[in-house]
Structures are given as structure tokens and as C-alpha cells.
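Some notes on the structure that comes next.
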Amino acid sequence: KEVDERELAEQALRLSEAQFRGVFEDSALGITISDVGGHIITCNPAYQKLLGYSEEELREMPFSAFTYSDDIQQHMGLYEELLAGKRDFFQAEKRYVSKDGKIIWGKLTVSLVRDHDQNPLFVIGLIEDIGERKELENERIKASKLKSIGILAGGIAHDFNNRLAAILGNRSLARVQGEAAGEVAELLNEAEAASLQAKNLTQQLITFSRGGK
């Protein structure tokens with residue numbers, strides 16, 4: 001009976017290992033298994049494809065080597081809390097630097113595996129490529145900023161038009177009432193031309209505020 005139970009347990013273990021290997025190799029997410037010092041023991045094909053390095057190259061590199069410099073400190077602070085037992089896992093959006101120098105946005109989930117005595121054994125990292133999502137977010141932010149600028153431009157243009165109307169109206173009155181001639185008339189004509197140019201500019205601002213080029 002003991003032999004049969006052991007054989008069943010071994011079969012279950014082999015099945016479990018096969019299932020894990022299938023998930024590991026075929027996952028669309030990047031997966032890493034690393035030691036507590038931050039060195040990769042193994043990583044799946046999706047992770048290698050994401051960064052453009054082979055598994056052999058990644059084993060020789062600390063995580064800081066392909067992490068965007070501004071994000072290293074934030075990542076290390078969370079990792080230290082994980083090792084200290086202050087958290088069971090952590091998630092962070094961070095930037096990676098691929099082999100060809102491209103910046104890649106990833107959502108990182110890190111879990112720590114411990115033994116029965118709660119001593120750290122190894123670290124599992126899951127990385128989702130969120131570059132497309134980040135690009136859409138940036139586009140939405142740009143669109144929102146443009147909308148705000150458009151509203152501001154439209155308001156300025158309408159106020160400016162009101163003042164230009166007053167300038168042009170008073171200029172016409174001055175010309176009629178003063179029967180201006182010579183240099184004075186020439187100056188009034190120049191003022192009119194400049195006002196009309198400014199009016200054209202405000203019309204462009206109004207067009208922009210309504211979504212035009």
C-alpha cells in the first residue's frame with residue numbers, strides 16, 4: 001500500500017511538473033524565476049522575446065541592467081519589503097530597456113516562495129507588456145490637453161475680437177469726424193490693416209478651438 005501511494009504521488013508530481021512546464025513555456029506573459037539576490041535562474045520564451053535577450057544572456061545580468069534607471073529605486077524598495085515579510089507580493093508598472101535600446105512598459109507582479117521555516121527560496125516574476133495601453137493613455141492625455149487649450153483659445157479669440165471691433169469702429173469714426181488727411185490718414189490705414197490681420201488670427205484660434213487645423 002505504501003509503495004502504491006508513493007507511486008501515485010510521484011505520478012501526480014510528474015503531471016504537475018508537466019503542467020507547469022506547459023504554462024511556463026506557452027504563457028503570453030513573461031515569467032522569470034530568480035534567486036533572492038535578483039539573478040535569473042530561468043525565464044520563459046515570452047520574457048526573452050520581450051527584452052530581445054537569450055536566456056543565457058539574462059542569467060548573467062542583474063535586473064538593474066535592463067531596468068530603466070529612473071525605476072530602479074522604486075523596484076528595489078518594494079523588493080526589500082517583500083524579503084522582509086512586509087508584503088506577500090507586489091505589483092509595479094516599470095520600464096524595461098530591451099537589447100536594442102527600446103523602452104518597454106511592463107506591469108510586474110513579484111511573489112516570493114518560502115520554505116516551511118519561512119526562509120526565502122526563490123522569486124517568481126510575471127511581466128505583462130502594457131506598451132500599447134500606455135500609448136493609448138498618452139494619446140488620451142494629449143487629446144485632453146488639446147481640448148483644454150482649444151477652450152482657452154476660443155475664449156481668448158472671442159474677447160480679442162470684441163476689442164478689435166471697438167478699435168475698428170473708433171478708427172472709422174476718427175476718420176469721418178476728423179476728416180483726417182496726409183500722415184494721420186496713413187497711420188489710421190495702417191492701424192486698420194493691422195487690426196484686420198489680428199482679426200484673421202483670432203479666426204484661426206476659433207477654428208482650432210472647434211477642432212480644426
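In the C-alpha cells, chains take the letters A, B, ... in the order shown, each chain's residues start at 1, and ligands count up from 1 in the order shown.
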
Neighbour list for A:Val123 as number ranges by chain, cut-off 8 Å, only C-alpha atoms, skip fewer than 3 positions in-chain = A: 32-36, 110-113

Next, the residues of the selection above should be written as a PDB file, in the first residue's frame with C-alpha atoms.
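Final output, out-v2.pdb:
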ATOM      1  CA  THR A  32      11.070  34.644 -14.505  1.00  0.00           C
ATOM      2  CA  ILE A  33      12.317  32.501 -11.664  1.00  0.00           C
ATOM      3  CA  SER A  34      15.238  34.103  -9.877  1.00  0.00           C
ATOM      4  CA  ASP A  35      17.258  33.776  -6.703  1.00  0.00           C
ATOM      5  CA  VAL A  36      16.735  36.209  -3.832  1.00  0.00           C
ATOM      6  CA  VAL A 110       6.533  39.591  -7.978  1.00  0.00           C
ATOM      7  CA  SER A 111       5.939  36.769  -5.489  1.00  0.00           C
ATOM      8  CA  LEU A 112       8.367  35.223  -3.023  1.00  0.00           C
ATOM      9  CA  VAL A 113       8.406  31.460  -2.402  1.00  0.00           C
TER      10      VAL A 113
END

Could you build a table of the residues in stretch 100-177 of chain A lying no more than 7 Å from stretch 27-30 of chain A, giving for each the nearest pair of atoms and their separation in Å rounded to one decimal place, using only C-alpha atoms, ordered by chain and ascending residue number, as a tab-separated table?
residue	atom	partner	partner_atom	distance
A:Leu126	CA	A:Gly30	CA	5.7
A:Ile127	CA	A:Gly30	CA	4.8
A:Glu128	CA	A:Leu29	CA	5.3

Which residues, written as number ranges by chain, have at least one atom at most 12 Å from A:Ser148, with only C-alpha atoms counted and residues fewer than 4 positions away on the same chain left out?
-> A: 141-144, 152-155, 208-211

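Minimum atom-to-atom distance to A:Lys134, evaluated using only C-alpha atoms, belongs to A:Arg95 out of A:Asn170, A:Phe122, A:Arg95, A:Leu83.
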
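Atom CA of A:Gly38 sits 27.5 Å away from atom CA of A:Glu132.
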
If you count only C-alpha atoms, which residues fall within 7 Å of A:Gly131, apart from same-chain ones fewer than 4 positions away, as a PyMOL selection string?
-> chain A and resi 104-106+135

Enumerate as number ranges by chain all residues of stretch 12-203 of chain A assigned to strand (DSSP E) by DSSP on the backbone, naming them with the chain letters and numbers the document uses.
-> A: 30-34, 40-43, 89-97, 103-114, 120-129
